[in-house]
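Q: Got a structure for you, written out below as structure tokens; questions coming shortly.
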Amino acid sequence: MADELEGIHVAGPVRAEIFLVWLDADRIALTGPDGARPWLVQLDDLEHPVETVARIVRGVVGEPLLVHSTSWRRDGAAVLLSFLVVIAPDQVGEMDSAPIRRAQLARSEVARAPAAIGGSQVLEHALRHLAWLAEDDPVVAARLGPKWRAALAGYVPEPFRSFA
Amino acid sequence: MTARPEQNAPMSHSIRVRCGCGWEATGTKDEVVSATAEHGERVHNMRASRDEILAMAIEADAPGDVEPRA
């Protein structure tokens, strides 16, 4: 059966989806242990999700610059928590990487989730949120520095889009 | 999924486990179980028993050493 070739998959009722990003010169890029794709991690009830994500990232690529929980969504029977994790350029090493392209957000209805949400939309939302934090949160601003703030300048902070 | 009872496998039998993230390991049962357990816990915070890992294994196309990609 073809399914046999699919191999093992991260399971569990709550999972983390890590978008590992870095600044490639002046462009934001996506990377990960298996290339430019979301990195799935299983969560349990013994450890805070942020601590789990930070610990796993620390063990694989080193100390992250920033770990930020951005959104959540259903994924089959599971809940998928999305994290944006910022790392330094020298932590990318041999991992494959790709520039991040802009995407349209998945818009929800007043009391209903979007019918479908893609990974690029989750990442777009996360970067818009980070752009807002980089201007609003002095801790995040200091941690990211001026180069990151410049790279995020093109992302319209999500909380202010309604007023545009 | 295909589970292969160990007693039916020759000593040189080579198997492969592929992770949903793209990582894979090929080698003997001991090598693949060890590499897969390490990959699962280190990269995905997953813990799997030897039996669970072997249940996910398929026959390798050719004998080879364990070649984890991550």
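Labeling convention for the structure tokens: chains A, B, ... as they appear, residues from 1 per chain, ligands from 1 in order of appearance.
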Taking only C-alpha atoms into account, what are the residues of chain B at most 9 Å from chain A, put as a VMD selection string?
A: chain B and resid 1 to 2 17 to 24 40 to 46 53 56 to 58 69 to 70
Q: Store the residues picked out above, limited to N, CA and C atoms, as a PDB file, in the first residue's frame.
A:
ATOM      1  N   MET B   1       0.228   0.036   7.238  1.00  0.00           N
ATOM      2  CA  MET B   1       1.470  -0.263   7.909  1.00  0.00           C
ATOM      3  C   MET B   1       1.722  -1.755   7.883  1.00  0.00           C
ATOM      4  N   THR B   2       2.974  -2.132   7.834  1.00  0.00           N
ATOM      5  CA  THR B   2       3.334  -3.527   7.793  1.00  0.00           C
ATOM      6  C   THR B   2       4.258  -3.850   8.958  1.00  0.00           C
ATOM      7  N   VAL B  17      12.761   3.267   7.675  1.00  0.00           N
ATOM      8  CA  VAL B  17      11.674   4.040   8.282  1.00  0.00           C
ATOM      9  C   VAL B  17      11.783   5.462   7.765  1.00  0.00           C
ATOM     10  N   ARG B  18      10.667   5.989   7.339  1.00  0.00           N
ATOM     11  CA  ARG B  18      10.641   7.364   6.833  1.00  0.00           C
ATOM     12  C   ARG B  18       9.718   8.187   7.723  1.00  0.00           C
ATOM     13  N   CYS B  19      10.208   9.346   8.119  1.00  0.00           N
ATOM     14  CA  CYS B  19       9.411  10.253   8.950  1.00  0.00           C
ATOM     15  C   CYS B  19       8.580  11.163   8.045  1.00  0.00           C
ATOM     16  N   GLY B  20       7.481  11.644   8.565  1.00  0.00           N
ATOM     17  CA  GLY B  20       6.641  12.557   7.805  1.00  0.00           C
ATOM     18  C   GLY B  20       7.373  13.820   7.393  1.00  0.00           C
ATOM     19  N   CYS B  21       8.454  14.169   8.108  1.00  0.00           N
ATOM     20  CA  CYS B  21       9.204  15.387   7.783  1.00  0.00           C
ATOM     21  C   CYS B  21      10.193  15.170   6.654  1.00  0.00           C
ATOM     22  N   GLY B  22      10.363  13.930   6.220  1.00  0.00           N
ATOM     23  CA  GLY B  22      11.286  13.661   5.132  1.00  0.00           C
ATOM     24  C   GLY B  22      12.528  12.901   5.566  1.00  0.00           C
ATOM     25  N   TRP B  23      12.837  12.947   6.828  1.00  0.00           N
ATOM     26  CA  TRP B  23      14.002  12.200   7.339  1.00  0.00           C
ATOM     27  C   TRP B  23      13.747  10.712   7.177  1.00  0.00           C
ATOM     28  N   GLU B  24      14.795   9.949   6.923  1.00  0.00           N
ATOM     29  CA  GLU B  24      14.635   8.512   6.877  1.00  0.00           C
ATOM     30  C   GLU B  24      15.910   7.819   7.325  1.00  0.00           C
ATOM     31  N   GLY B  40      13.006  10.929  16.564  1.00  0.00           N
ATOM     32  CA  GLY B  40      11.665  11.260  17.050  1.00  0.00           C
ATOM     33  C   GLY B  40      11.696  12.098  18.312  1.00  0.00           C
ATOM     34  N   GLU B  41      12.548  11.718  19.240  1.00  0.00           N
ATOM     35  CA  GLU B  41      12.589  12.449  20.515  1.00  0.00           C
ATOM     36  C   GLU B  41      13.277  13.801  20.366  1.00  0.00           C
ATOM     37  N   ARG B  42      14.367  13.836  19.612  1.00  0.00           N
ATOM     38  CA  ARG B  42      15.148  15.077  19.508  1.00  0.00           C
ATOM     39  C   ARG B  42      14.459  16.130  18.641  1.00  0.00           C
ATOM     40  N   VAL B  43      13.862  15.688  17.537  1.00  0.00           N
ATOM     41  CA  VAL B  43      13.322  16.654  16.572  1.00  0.00           C
ATOM     42  C   VAL B  43      11.822  16.864  16.734  1.00  0.00           C
ATOM     43  N   HIS B  44      11.089  15.838  17.150  1.00  0.00           N
ATOM     44  CA  HIS B  44       9.632  15.946  17.190  1.00  0.00           C
ATOM     45  C   HIS B  44       9.024  15.729  18.582  1.00  0.00           C
ATOM     46  N   ASN B  45       9.874  15.550  19.594  1.00  0.00           N
ATOM     47  CA  ASN B  45       9.374  15.331  20.952  1.00  0.00           C
ATOM     48  C   ASN B  45       8.475  14.093  21.034  1.00  0.00           C
ATOM     49  N   MET B  46       8.741  13.123  20.182  1.00  0.00           N
ATOM     50  CA  MET B  46       7.947  11.887  20.147  1.00  0.00           C
ATOM     51  C   MET B  46       8.744  10.745  20.774  1.00  0.00           C
ATOM     52  N   ILE B  53       8.210   1.318  16.295  1.00  0.00           N
ATOM     53  CA  ILE B  53       9.085   1.732  15.185  1.00  0.00           C
ATOM     54  C   ILE B  53       9.145   0.645  14.118  1.00  0.00           C
ATOM     55  N   MET B  56       6.359   0.472  11.740  1.00  0.00           N
ATOM     56  CA  MET B  56       6.338   1.508  10.700  1.00  0.00           C
ATOM     57  C   MET B  56       7.342   1.221   9.589  1.00  0.00           C
ATOM     58  N   ALA B  57       8.190   0.231   9.796  1.00  0.00           N
ATOM     59  CA  ALA B  57       9.282  -0.019   8.854  1.00  0.00           C
ATOM     60  C   ALA B  57       8.795  -0.730   7.601  1.00  0.00           C
ATOM     61  N   ILE B  58       9.518  -0.481   6.523  1.00  0.00           N
ATOM     62  CA  ILE B  58       9.300  -1.208   5.275  1.00  0.00           C
ATOM     63  C   ILE B  58      10.635  -1.791   4.842  1.00  0.00           C
ATOM     64  N   ARG B  69      18.908  12.140   7.690  1.00  0.00           N
ATOM     65  CA  ARG B  69      19.084  13.417   6.987  1.00  0.00           C
ATOM     66  C   ARG B  69      19.134  14.582   7.948  1.00  0.00           C
ATOM     67  N   ALA B  70      18.732  14.381   9.173  1.00  0.00           N
ATOM     68  CA  ALA B  70      18.718  15.512  10.106  1.00  0.00           C
ATOM     69  C   ALA B  70      19.247  15.067  11.442  1.00  0.00           C
TER      70      ALA B  70
END
Q: Please give the complete set of residues from range 9-163 of chain A that DSSP, run on the backbone, assigns to strand (DSSP E or B), formatted as a PyMOL selection string.
A: chain A and resi 14-24+27-31+39-42+66-75+78-86+97-99+109+112
Q: Those selected residues, please, written with C-alpha atoms and delivered as an mmCIF file, in the first residue's frame.
A:
data_model
loop_
_atom_site.group_PDB
_atom_site.id
_atom_site.type_symbol
_atom_site.label_atom_id
_atom_site.label_comp_id
_atom_site.auth_asym_id
_atom_site.auth_seq_id
_atom_site.Cartn_x
_atom_site.Cartn_y
_atom_site.Cartn_z
ATOM 1 C CA VAL A 14 -2.078 18.947 20.550
ATOM 2 C CA ARG A 15 0.863 19.610 18.251
ATOM 3 C CA ALA A 16 3.177 22.477 17.527
ATOM 4 C CA GLU A 17 3.969 23.730 14.052
ATOM 5 C CA ILE A 18 7.232 25.644 14.057
ATOM 6 C CA PHE A 19 8.101 28.185 11.385
ATOM 7 C CA LEU A 20 11.844 28.619 11.778
ATOM 8 C CA VAL A 21 12.816 31.952 10.242
ATOM 9 C CA TRP A 22 16.027 33.894 9.837
ATOM 10 C CA LEU A 23 17.279 37.006 8.124
ATOM 11 C CA ASP A 24 19.123 36.163 4.902
ATOM 12 C CA ARG A 27 15.092 39.036 3.323
ATOM 13 C CA ILE A 28 13.202 36.851 5.750
ATOM 14 C CA ALA A 29 13.678 33.166 4.952
ATOM 15 C CA LEU A 30 12.160 29.915 6.160
ATOM 16 C CA THR A 31 14.307 26.977 7.160
ATOM 17 C CA TRP A 39 8.465 21.653 11.584
ATOM 18 C CA LEU A 40 6.008 19.512 13.546
ATOM 19 C CA VAL A 41 6.504 18.736 17.213
ATOM 20 C CA GLN A 42 4.348 16.665 19.514
ATOM 21 C CA LEU A 66 12.675 34.568 19.784
ATOM 22 C CA VAL A 67 9.868 32.049 20.278
ATOM 23 C CA HIS A 68 6.442 33.422 19.579
ATOM 24 C CA SER A 69 3.084 31.653 19.573
ATOM 25 C CA THR A 70 0.997 33.152 16.820
ATOM 26 C CA SER A 71 -2.165 31.205 16.102
ATOM 27 C CA TRP A 72 -3.921 27.878 16.306
ATOM 28 C CA ARG A 73 -6.190 25.804 14.152
ATOM 29 C CA ARG A 74 -7.767 22.394 13.896
ATOM 30 C CA ASP A 75 -5.854 19.732 12.014
ATOM 31 C CA ALA A 78 -5.829 17.569 16.706
ATOM 32 C CA VAL A 79 -5.238 21.182 17.650
ATOM 33 C CA LEU A 80 -2.202 22.666 15.943
ATOM 34 C CA LEU A 81 -0.416 25.536 17.687
ATOM 35 C CA SER A 82 1.680 27.673 15.363
ATOM 36 C CA PHE A 83 4.982 29.143 16.495
ATOM 37 C CA LEU A 84 7.284 31.607 14.820
ATOM 38 C CA VAL A 85 10.848 30.963 15.947
ATOM 39 C CA VAL A 86 13.576 33.399 14.967
ATOM 40 C CA SER A 97 16.193 27.528 3.226
ATOM 41 C CA ALA A 98 13.899 29.560 0.997
ATOM 42 C CA PRO A 99 12.743 33.182 0.890
ATOM 43 C CA GLU A 109 -16.275 34.822 9.597
ATOM 44 C CA ARG A 112 -16.684 30.694 12.249
#
Q: With distances taken over only C-alpha atoms, which of A:Arg128, A:Arg58, A:Arg101, A:His48 is nearest to Arg149 in chain A?
A: A:Arg128
Q: Just give me the gap between CA of Leu133 in chain A and CA of Tyr155 in chain A in Å, one decimal is fine.
A: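 CA of Tyr155 in chain A lies 11.5 Å from CA of Leu133 in chain A.
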Q: To one decimal place in Å, what is the distance between CA of Leu123 in chain A and CA of Pro146 in chain A?
A: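 CA of Pro146 in chain A lies 21.0 Å from CA of Leu123 in chain A.
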Q: Could you check which of A:Ala36, A:Leu65, A:Leu46, A:Ala153 is closest to Val139 in chain A, using only C-alpha atoms?
A: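 For Val139 in chain A, the nearest of the candidates is A:Leu65.
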